[in-house]
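S.K.: Structure in structure tokens, see below.
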Amino acid sequence: MLQMKLCGDLVLRSKCEPVDNITPELLHTMDEMVSMMDAQNGVGLAAPQVGFLSRFLVMMDPDTKTVYRMINPQITSYSDEKCTMEEGCLSVLGSDNLPVFSNVTRPASVIVEWTNDSGERVGAQMSGLPARIVQHETDHLDGVLFIDHLSPVRREMVMRKVRRRK
Ligand SMILES: [Zn+2]
């Protein structure tokens, strides 16, 4: 059973290592992560959020319900155009045990490449919500949280709610 790591845990602040081998254990962990994401009404979950310092993640396009399972994902291109959207994170919870949301500005579209379950390198251009989610999740693999993209004032507003949980 996987356990969700929460803001304050150092595992969320570490850089993850590339995946060398696609093992049955890895694929099973990703199955569990998809179930966990669904159960918590999330749209993405990265390995460090469940305690693995390894470069893999799962995510879902909320519009099409397409689930992506990405091993060694890499964003190879960012649009110059930016957009602002509300973001939350299953590892950044407030006093009600629900994610704390804040507006974050990021590139509007990206090109992302990853290795799929079969070991093939595949890619996609993403815009809208999927582009947003894949940037948030790949950040996790480098120990970056969405609050790092906020102004100090906005970050403090989020952290105040996080601290109130304790
Ligand atoms: Zn997150």
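Simple scheme: letters A, B, ... for chains in structure tokens order, numbers from 1 for residues in each chain, numbers from 1 for ligands in the order shown.
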Using only C-alpha atoms and all ligand atoms, which residues have at least one atom no more than 10 Å from ligand 1? Output them as JSON, numbers by chain.

M.R.: {"A": [6, 7, 12, 42, 43, 44, 45, 46, 48, 49, 87, 88, 89, 90, 91, 92, 99, 133, 135, 136, 137, 138, 139, 140, 144, 145, 146, 147]}

S.K.: Output N, CA and C atoms for every residue in the selection just made, as a PDB file, in the first residue's frame.

M.R.:
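File written: selection-v8.pdb
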ATOM      1  N   LEU A   6       3.826  14.178   2.295  1.00  0.00           N
ATOM      2  CA  LEU A   6       3.285  15.536   2.374  1.00  0.00           C
ATOM      3  C   LEU A   6       4.390  16.576   2.489  1.00  0.00           C
ATOM      4  N   CYS A   7       4.029  17.786   2.081  1.00  0.00           N
ATOM      5  CA  CYS A   7       4.908  18.947   2.138  1.00  0.00           C
ATOM      6  C   CYS A   7       5.637  18.985   3.485  1.00  0.00           C
ATOM      7  N   LEU A  12      10.230  14.956  -1.086  1.00  0.00           N
ATOM      8  CA  LEU A  12       9.619  15.848  -2.092  1.00  0.00           C
ATOM      9  C   LEU A  12      10.588  16.922  -2.576  1.00  0.00           C
ATOM     10  N   GLY A  42      -7.385  13.255  -7.929  1.00  0.00           N
ATOM     11  CA  GLY A  42      -6.251  13.992  -8.471  1.00  0.00           C
ATOM     12  C   GLY A  42      -6.151  13.795  -9.967  1.00  0.00           C
ATOM     13  N   VAL A  43      -5.280  14.573 -10.605  1.00  0.00           N
ATOM     14  CA  VAL A  43      -5.067  14.432 -12.041  1.00  0.00           C
ATOM     15  C   VAL A  43      -3.616  14.080 -12.351  1.00  0.00           C
ATOM     16  N   GLY A  44      -2.810  13.929 -11.300  1.00  0.00           N
ATOM     17  CA  GLY A  44      -1.425  13.543 -11.525  1.00  0.00           C
ATOM     18  C   GLY A  44      -0.773  13.128 -10.231  1.00  0.00           C
ATOM     19  N   LEU A  45       0.226  12.245 -10.346  1.00  0.00           N
ATOM     20  CA  LEU A  45       0.959  11.784  -9.173  1.00  0.00           C
ATOM     21  C   LEU A  45       2.367  11.398  -9.640  1.00  0.00           C
ATOM     22  N   ALA A  46       3.358  11.956  -8.970  1.00  0.00           N
ATOM     23  CA  ALA A  46       4.750  11.677  -9.348  1.00  0.00           C
ATOM     24  C   ALA A  46       5.393  10.786  -8.286  1.00  0.00           C
ATOM     25  N   PRO A  48       8.056  10.671  -6.318  1.00  0.00           N
ATOM     26  CA  PRO A  48       8.448  11.087  -4.961  1.00  0.00           C
ATOM     27  C   PRO A  48       7.262  11.308  -4.024  1.00  0.00           C
ATOM     28  N   GLN A  49       6.081  11.569  -4.582  1.00  0.00           N
ATOM     29  CA  GLN A  49       4.897  11.772  -3.739  1.00  0.00           C
ATOM     30  C   GLN A  49       4.485  10.495  -3.015  1.00  0.00           C
ATOM     31  N   GLU A  87      -3.678  25.808  -9.480  1.00  0.00           N
ATOM     32  CA  GLU A  87      -3.021  24.518  -9.260  1.00  0.00           C
ATOM     33  C   GLU A  87      -3.107  24.119  -7.805  1.00  0.00           C
ATOM     34  N   GLY A  88      -3.191  22.828  -7.582  1.00  0.00           N
ATOM     35  CA  GLY A  88      -3.096  22.272  -6.238  1.00  0.00           C
ATOM     36  C   GLY A  88      -2.264  21.012  -6.332  1.00  0.00           C
ATOM     37  N   CYS A  89      -1.994  20.402  -5.194  1.00  0.00           N
ATOM     38  CA  CYS A  89      -1.113  19.242  -5.170  1.00  0.00           C
ATOM     39  C   CYS A  89      -1.564  18.306  -4.050  1.00  0.00           C
ATOM     40  N   LEU A  90      -1.594  17.004  -4.328  1.00  0.00           N
ATOM     41  CA  LEU A  90      -2.026  16.034  -3.312  1.00  0.00           C
ATOM     42  C   LEU A  90      -1.042  15.966  -2.141  1.00  0.00           C
ATOM     43  N   SER A  91       0.137  16.586  -2.298  1.00  0.00           N
ATOM     44  CA  SER A  91       1.118  16.621  -1.204  1.00  0.00           C
ATOM     45  C   SER A  91       1.105  17.946  -0.449  1.00  0.00           C
ATOM     46  N   VAL A  92       0.267  18.881  -0.881  1.00  0.00           N
ATOM     47  CA  VAL A  92       0.207  20.198  -0.223  1.00  0.00           C
ATOM     48  C   VAL A  92      -1.231  20.413   0.260  1.00  0.00           C
ATOM     49  N   PRO A  99      -6.317  19.674  -0.952  1.00  0.00           N
ATOM     50  CA  PRO A  99      -5.251  20.495  -1.530  1.00  0.00           C
ATOM     51  C   PRO A  99      -5.555  21.994  -1.428  1.00  0.00           C
ATOM     52  N   ILE A 133      -0.548  19.966 -16.233  1.00  0.00           N
ATOM     53  CA  ILE A 133      -0.321  18.827 -15.334  1.00  0.00           C
ATOM     54  C   ILE A 133       1.074  18.236 -15.553  1.00  0.00           C
ATOM     55  N   GLN A 135       3.748  19.633 -16.573  1.00  0.00           N
ATOM     56  CA  GLN A 135       4.798  20.510 -16.031  1.00  0.00           C
ATOM     57  C   GLN A 135       4.856  20.396 -14.503  1.00  0.00           C
ATOM     58  N   HIS A 136       3.700  20.367 -13.876  1.00  0.00           N
ATOM     59  CA  HIS A 136       3.634  20.222 -12.420  1.00  0.00           C
ATOM     60  C   HIS A 136       4.271  18.891 -11.991  1.00  0.00           C
ATOM     61  N   GLU A 137       3.935  17.801 -12.698  1.00  0.00           N
ATOM     62  CA  GLU A 137       4.414  16.473 -12.297  1.00  0.00           C
ATOM     63  C   GLU A 137       5.900  16.283 -12.581  1.00  0.00           C
ATOM     64  N   THR A 138       6.383  16.766 -13.731  1.00  0.00           N
ATOM     65  CA  THR A 138       7.828  16.610 -14.002  1.00  0.00           C
ATOM     66  C   THR A 138       8.637  17.476 -13.036  1.00  0.00           C
ATOM     67  N   ASP A 139       8.101  18.608 -12.613  1.00  0.00           N
ATOM     68  CA  ASP A 139       8.755  19.410 -11.557  1.00  0.00           C
ATOM     69  C   ASP A 139       9.038  18.549 -10.316  1.00  0.00           C
ATOM     70  N   HIS A 140       8.054  17.721  -9.937  1.00  0.00           N
ATOM     71  CA  HIS A 140       8.214  16.868  -8.747  1.00  0.00           C
ATOM     72  C   HIS A 140       9.477  16.004  -8.848  1.00  0.00           C
ATOM     73  N   VAL A 144      10.851  20.004  -7.160  1.00  0.00           N
ATOM     74  CA  VAL A 144      10.213  21.328  -7.238  1.00  0.00           C
ATOM     75  C   VAL A 144       8.706  21.186  -6.996  1.00  0.00           C
ATOM     76  N   LEU A 145       8.152  22.060  -6.165  1.00  0.00           N
ATOM     77  CA  LEU A 145       6.709  22.077  -5.899  1.00  0.00           C
ATOM     78  C   LEU A 145       6.089  23.317  -6.533  1.00  0.00           C
ATOM     79  N   PHE A 146       4.780  23.284  -6.768  1.00  0.00           N
ATOM     80  CA  PHE A 146       4.134  24.427  -7.446  1.00  0.00           C
ATOM     81  C   PHE A 146       4.287  25.718  -6.648  1.00  0.00           C
ATOM     82  N   ILE A 147       4.402  25.599  -5.332  1.00  0.00           N
ATOM     83  CA  ILE A 147       4.547  26.806  -4.504  1.00  0.00           C
ATOM     84  C   ILE A 147       5.856  27.549  -4.817  1.00  0.00           C
TER      85      ILE A 147
END

S.K.: Contacts between range 13-26 of chain A and range 42-135 of chain A, please, where a residue of range 42-135 of chain A counts if it comes within 12 Å (with only C-alpha atoms); show its shortest atom pair and distance in Å to one decimal, rows by chain and ascending number, as a Markdown table.

M.R.:
| residue | atom | partner | partner_atom | distance |
| --- | --- | --- | --- | --- |
| A:Ala46 | CA | A:Cys16 | CA | 10.3 |
| A:Ala47 | CA | A:Cys16 | CA | 8.5 |
| A:Pro48 | CA | A:Cys16 | CA | 7.6 |
| A:Gln49 | CA | A:Arg13 | CA | 10.1 |
| A:Gly51 | CA | A:Cys16 | CA | 10.5 |
| A:Phe52 | CA | A:Cys16 | CA | 8.0 |
| A:Leu53 | CA | A:Cys16 | CA | 4.4 |
| A:Ser54 | CA | A:Cys16 | CA | 4.6 |
| A:Arg55 | CA | A:Pro18 | CA | 5.1 |
| A:Phe56 | CA | A:Val19 | CA | 7.5 |
| A:Leu57 | CA | A:Leu26 | CA | 10.7 |
| A:Val58 | CA | A:Leu26 | CA | 11.8 |
| A:Arg69 | CA | A:Leu26 | CA | 10.9 |
| A:Met70 | CA | A:Val19 | CA | 10.6 |
| A:Ile71 | CA | A:Val19 | CA | 6.9 |
| A:Asn72 | CA | A:Pro18 | CA | 5.9 |
| A:Pro73 | CA | A:Pro18 | CA | 9.3 |
| A:Gln74 | CA | A:Pro18 | CA | 10.7 |
| A:Ser91 | CA | A:Arg13 | CA | 11.7 |
| A:Trp114 | CA | A:Val19 | CA | 11.2 |
| A:Thr115 | CA | A:Ile22 | CA | 9.5 |
| A:Asn116 | CA | A:Ile22 | CA | 9.3 |
| A:Asp117 | CA | A:Ile22 | CA | 7.3 |
| A:Ser118 | CA | A:Ile22 | CA | 8.1 |
| A:Gly119 | CA | A:Ile22 | CA | 7.1 |
| A:Glu120 | CA | A:Ile22 | CA | 10.8 |

S.K.: Grab the residues selected above and save them as a PDB file, in the first residue's frame with N, CA and C atoms.

M.R.:
ATOM      1  N   ALA A  46       3.358  11.956  -8.970  1.00  0.00           N
ATOM      2  CA  ALA A  46       4.750  11.677  -9.348  1.00  0.00           C
ATOM      3  C   ALA A  46       5.393  10.786  -8.286  1.00  0.00           C
ATOM      4  N   ALA A  47       6.396  10.008  -8.705  1.00  0.00           N
ATOM      5  CA  ALA A  47       7.020   8.992  -7.847  1.00  0.00           C
ATOM      6  C   ALA A  47       7.409   9.500  -6.448  1.00  0.00           C
ATOM      7  N   PRO A  48       8.056  10.671  -6.318  1.00  0.00           N
ATOM      8  CA  PRO A  48       8.448  11.087  -4.961  1.00  0.00           C
ATOM      9  C   PRO A  48       7.262  11.308  -4.024  1.00  0.00           C
ATOM     10  N   GLN A  49       6.081  11.569  -4.582  1.00  0.00           N
ATOM     11  CA  GLN A  49       4.897  11.772  -3.739  1.00  0.00           C
ATOM     12  C   GLN A  49       4.485  10.495  -3.015  1.00  0.00           C
ATOM     13  N   GLY A  51       7.087   8.279  -2.306  1.00  0.00           N
ATOM     14  CA  GLY A  51       8.323   7.860  -1.652  1.00  0.00           C
ATOM     15  C   GLY A  51       9.407   7.263  -2.529  1.00  0.00           C
ATOM     16  N   PHE A  52       9.235   7.307  -3.864  1.00  0.00           N
ATOM     17  CA  PHE A  52      10.256   6.761  -4.763  1.00  0.00           C
ATOM     18  C   PHE A  52      11.056   7.899  -5.393  1.00  0.00           C
ATOM     19  N   LEU A  53      12.389   7.847  -5.238  1.00  0.00           N
ATOM     20  CA  LEU A  53      13.226   8.884  -5.859  1.00  0.00           C
ATOM     21  C   LEU A  53      13.656   8.416  -7.245  1.00  0.00           C
ATOM     22  N   SER A  54      12.675   8.270  -8.099  1.00  0.00           N
ATOM     23  CA  SER A  54      12.861   7.676  -9.409  1.00  0.00           C
ATOM     24  C   SER A  54      11.968   8.423 -10.400  1.00  0.00           C
ATOM     25  N   ARG A  55      12.426   8.528 -11.676  1.00  0.00           N
ATOM     26  CA  ARG A  55      11.747   9.416 -12.617  1.00  0.00           C
ATOM     27  C   ARG A  55      10.573   8.722 -13.336  1.00  0.00           C
ATOM     28  N   PHE A  56       9.433   8.659 -12.668  1.00  0.00           N
ATOM     29  CA  PHE A  56       8.208   8.206 -13.324  1.00  0.00           C
ATOM     30  C   PHE A  56       7.006   8.910 -12.697  1.00  0.00           C
ATOM     31  N   LEU A  57       5.938   8.955 -13.455  1.00  0.00           N
ATOM     32  CA  LEU A  57       4.723   9.641 -12.995  1.00  0.00           C
ATOM     33  C   LEU A  57       3.508   9.081 -13.724  1.00  0.00           C
ATOM     34  N   VAL A  58       2.348   9.348 -13.147  1.00  0.00           N
ATOM     35  CA  VAL A  58       1.093   9.058 -13.845  1.00  0.00           C
ATOM     36  C   VAL A  58       0.280  10.352 -13.883  1.00  0.00           C
ATOM     37  N   ARG A  69       1.088   7.154 -18.463  1.00  0.00           N
ATOM     38  CA  ARG A  69       2.053   6.562 -17.538  1.00  0.00           C
ATOM     39  C   ARG A  69       3.414   6.848 -18.138  1.00  0.00           C
ATOM     40  N   MET A  70       4.166   7.704 -17.510  1.00  0.00           N
ATOM     41  CA  MET A  70       5.416   8.188 -18.117  1.00  0.00           C
ATOM     42  C   MET A  70       6.633   7.757 -17.306  1.00  0.00           C
ATOM     43  N   ILE A  71       7.567   7.115 -17.995  1.00  0.00           N
ATOM     44  CA  ILE A  71       8.843   6.734 -17.401  1.00  0.00           C
ATOM     45  C   ILE A  71       9.908   7.640 -18.034  1.00  0.00           C
ATOM     46  N   ASN A  72      10.781   8.195 -17.219  1.00  0.00           N
ATOM     47  CA  ASN A  72      11.809   9.138 -17.677  1.00  0.00           C
ATOM     48  C   ASN A  72      11.248  10.239 -18.589  1.00  0.00           C
ATOM     49  N   PRO A  73      10.184  10.918 -18.148  1.00  0.00           N
ATOM     50  CA  PRO A  73       9.619  11.987 -18.987  1.00  0.00           C
ATOM     51  C   PRO A  73      10.576  13.173 -19.089  1.00  0.00           C
ATOM     52  N   GLN A  74      10.538  13.816 -20.248  1.00  0.00           N
ATOM     53  CA  GLN A  74      11.350  15.015 -20.418  1.00  0.00           C
ATOM     54  C   GLN A  74      10.594  16.007 -21.287  1.00  0.00           C
ATOM     55  N   SER A  91       0.137  16.586  -2.298  1.00  0.00           N
ATOM     56  CA  SER A  91       1.118  16.621  -1.204  1.00  0.00           C
ATOM     57  C   SER A  91       1.105  17.946  -0.449  1.00  0.00           C
ATOM     58  N   TRP A 114       8.551  10.611 -23.403  1.00  0.00           N
ATOM     59  CA  TRP A 114       8.684   9.683 -22.284  1.00  0.00           C
ATOM     60  C   TRP A 114       8.799   8.251 -22.801  1.00  0.00           C
ATOM     61  N   THR A 115       9.146   7.347 -21.908  1.00  0.00           N
ATOM     62  CA  THR A 115       9.193   5.920 -22.214  1.00  0.00           C
ATOM     63  C   THR A 115       7.900   5.306 -21.700  1.00  0.00           C
ATOM     64  N   ASN A 116       7.247   4.500 -22.561  1.00  0.00           N
ATOM     65  CA  ASN A 116       5.988   3.877 -22.129  1.00  0.00           C
ATOM     66  C   ASN A 116       6.248   2.521 -21.472  1.00  0.00           C
ATOM     67  N   ASP A 117       5.175   1.863 -21.058  1.00  0.00           N
ATOM     68  CA  ASP A 117       5.284   0.573 -20.349  1.00  0.00           C
ATOM     69  C   ASP A 117       6.082  -0.468 -21.143  1.00  0.00           C
ATOM     70  N   SER A 118       6.017  -0.376 -22.475  1.00  0.00           N
ATOM     71  CA  SER A 118       6.689  -1.360 -23.324  1.00  0.00           C
ATOM     72  C   SER A 118       8.139  -0.997 -23.607  1.00  0.00           C
ATOM     73  N   GLY A 119       8.587   0.136 -23.082  1.00  0.00           N
ATOM     74  CA  GLY A 119       9.974   0.526 -23.279  1.00  0.00           C
ATOM     75  C   GLY A 119      10.206   1.370 -24.517  1.00  0.00           C
ATOM     76  N   GLU A 120       9.109   1.782 -25.190  1.00  0.00           N
ATOM     77  CA  GLU A 120       9.249   2.623 -26.381  1.00  0.00           C
ATOM     78  C   GLU A 120       9.281   4.090 -25.985  1.00  0.00           C
TER      79      GLU A 120
END

S.K.: When DSSP is applied to the backbone of this structure, which of chain A are assigned strand (DSSP E)? Write them out as a PyMOL selection string.

M.R.: chain A and resi 44-46+56-60+67-78+82-87+102-107+109-115+121-127

S.K.: Taking the chain letters and numbering used in this document, name the residues of chain A that DSSP puts in alpha helix (DSSP H), as a VMD selection string.

M.R.: chain A and resid 24 to 39 128 to 141 152 to 164

S.K.: Write the residues of the selection above to a file with C-alpha atoms, as a PDB file, in the first residue's frame.

M.R.:
ATOM      1  CA  PRO A  24       7.041  -5.700 -13.064  1.00  0.00           C
ATOM      2  CA  GLU A  25       7.378  -3.911  -9.691  1.00  0.00           C
ATOM      3  CA  LEU A  26       7.604  -0.531 -11.424  1.00  0.00           C
ATOM      4  CA  LEU A  27       4.531  -1.246 -13.559  1.00  0.00           C
ATOM      5  CA  HIS A  28       2.656  -2.430 -10.470  1.00  0.00           C
ATOM      6  CA  THR A  29       3.622   0.730  -8.579  1.00  0.00           C
ATOM      7  CA  MET A  30       2.254   2.810 -11.453  1.00  0.00           C
ATOM      8  CA  ASP A  31      -1.019   0.794 -11.332  1.00  0.00           C
ATOM      9  CA  GLU A  32      -1.280   1.630  -7.642  1.00  0.00           C
ATOM     10  CA  MET A  33      -0.492   5.290  -8.309  1.00  0.00           C
ATOM     11  CA  VAL A  34      -3.303   5.498 -10.890  1.00  0.00           C
ATOM     12  CA  SER A  35      -5.742   4.010  -8.316  1.00  0.00           C
ATOM     13  CA  MET A  36      -4.523   6.425  -5.659  1.00  0.00           C
ATOM     14  CA  MET A  37      -4.851   9.409  -8.032  1.00  0.00           C
ATOM     15  CA  ASP A  38      -8.420   8.374  -8.891  1.00  0.00           C
ATOM     16  CA  ALA A  39      -9.357   7.760  -5.255  1.00  0.00           C
ATOM     17  CA  GLY A 128      -4.400  23.343 -21.869  1.00  0.00           C
ATOM     18  CA  LEU A 129      -4.778  21.162 -18.786  1.00  0.00           C
ATOM     19  CA  PRO A 130      -2.480  18.294 -19.845  1.00  0.00           C
ATOM     20  CA  ALA A 131       0.360  20.786 -20.477  1.00  0.00           C
ATOM     21  CA  ARG A 132      -0.226  22.224 -17.039  1.00  0.00           C
ATOM     22  CA  ILE A 133      -0.321  18.827 -15.334  1.00  0.00           C
ATOM     23  CA  VAL A 134       2.778  17.444 -17.045  1.00  0.00           C
ATOM     24  CA  GLN A 135       4.798  20.510 -16.031  1.00  0.00           C
ATOM     25  CA  HIS A 136       3.634  20.222 -12.420  1.00  0.00           C
ATOM     26  CA  GLU A 137       4.414  16.473 -12.297  1.00  0.00           C
ATOM     27  CA  THR A 138       7.828  16.610 -14.002  1.00  0.00           C
ATOM     28  CA  ASP A 139       8.755  19.410 -11.557  1.00  0.00           C
ATOM     29  CA  HIS A 140       8.214  16.868  -8.747  1.00  0.00           C
ATOM     30  CA  LEU A 141      10.969  14.680 -10.254  1.00  0.00           C
ATOM     31  CA  PRO A 152       6.719  35.170  -1.761  1.00  0.00           C
ATOM     32  CA  VAL A 153       3.401  36.691  -0.653  1.00  0.00           C
ATOM     33  CA  ARG A 154       1.258  34.076  -2.414  1.00  0.00           C
ATOM     34  CA  ARG A 155       3.535  31.272  -1.224  1.00  0.00           C
ATOM     35  CA  GLU A 156       3.122  32.456   2.358  1.00  0.00           C
ATOM     36  CA  MET A 157      -0.677  32.449   1.908  1.00  0.00           C
ATOM     37  CA  VAL A 158      -0.509  28.792   0.871  1.00  0.00           C
ATOM     38  CA  MET A 159       1.960  27.817   3.603  1.00  0.00           C
ATOM     39  CA  ARG A 160      -0.160  29.451   6.277  1.00  0.00           C
ATOM     40  CA  LYS A 161      -3.016  27.080   5.338  1.00  0.00           C
ATOM     41  CA  VAL A 162      -0.604  24.113   5.262  1.00  0.00           C
ATOM     42  CA  ARG A 163       0.725  24.929   8.729  1.00  0.00           C
ATOM     43  CA  ARG A 164      -2.797  25.204  10.101  1.00  0.00           C
TER      44      ARG A 164
END

S.K.: Hey, what's within 7 Å of Asn103 in chain A if we count only C-alpha atoms and toss same-chain stuff fewer than 6 positions away? As a list in words, please?

M.R.: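 Residues near the query, excluding close chain neighbours: Thr84, Met85, Glu86 and Glu87 of chain A.
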
S.K.: Just how far from CA of Ser77 in chain A is CA of Pro107 in chain A, in Å to one decimal?

M.R.: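 Taking CA of Pro107 in chain A as the start and CA of Ser77 in chain A as the end point, the length is 9.8 Å.
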
S.K.: A:Leu10, A:Leu93, A:Thr76, A:Met4: which is nearest Gly123 in chain A, counting only C-alpha atoms?

M.R.: A:Thr76

S.K.: Mind pulling up the distance from CA of Asn41 in chain A to CA of Met60 in chain A?

M.R.: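 Pair CA of Met60 in chain A / CA of Asn41 in chain A returns 10.4 Å.
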
S.K.: Please provide the set of residues having any atom within 7 Å of Tyr78 in chain A, restricted to only C-alpha atoms, with same-chain residues fewer than 4 positions apart removed, written as a PyMOL selection string.

M.R.: chain A and resi 107+109-111

S.K.: Distance CA of Ala108 in chain A-CA of Arg121 in chain A, one decimal place?

M.R.: 23.4 Å

S.K.: Give the answer as one residue: which of A:Gly8, A:Val50, A:Ser95, A:Val112 has the shortest atom-to-atom distance to Tyr68 in chain A, using only C-alpha atoms?

M.R.: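 With only C-alpha atoms as the atom set, the closest residue is A:Val112.
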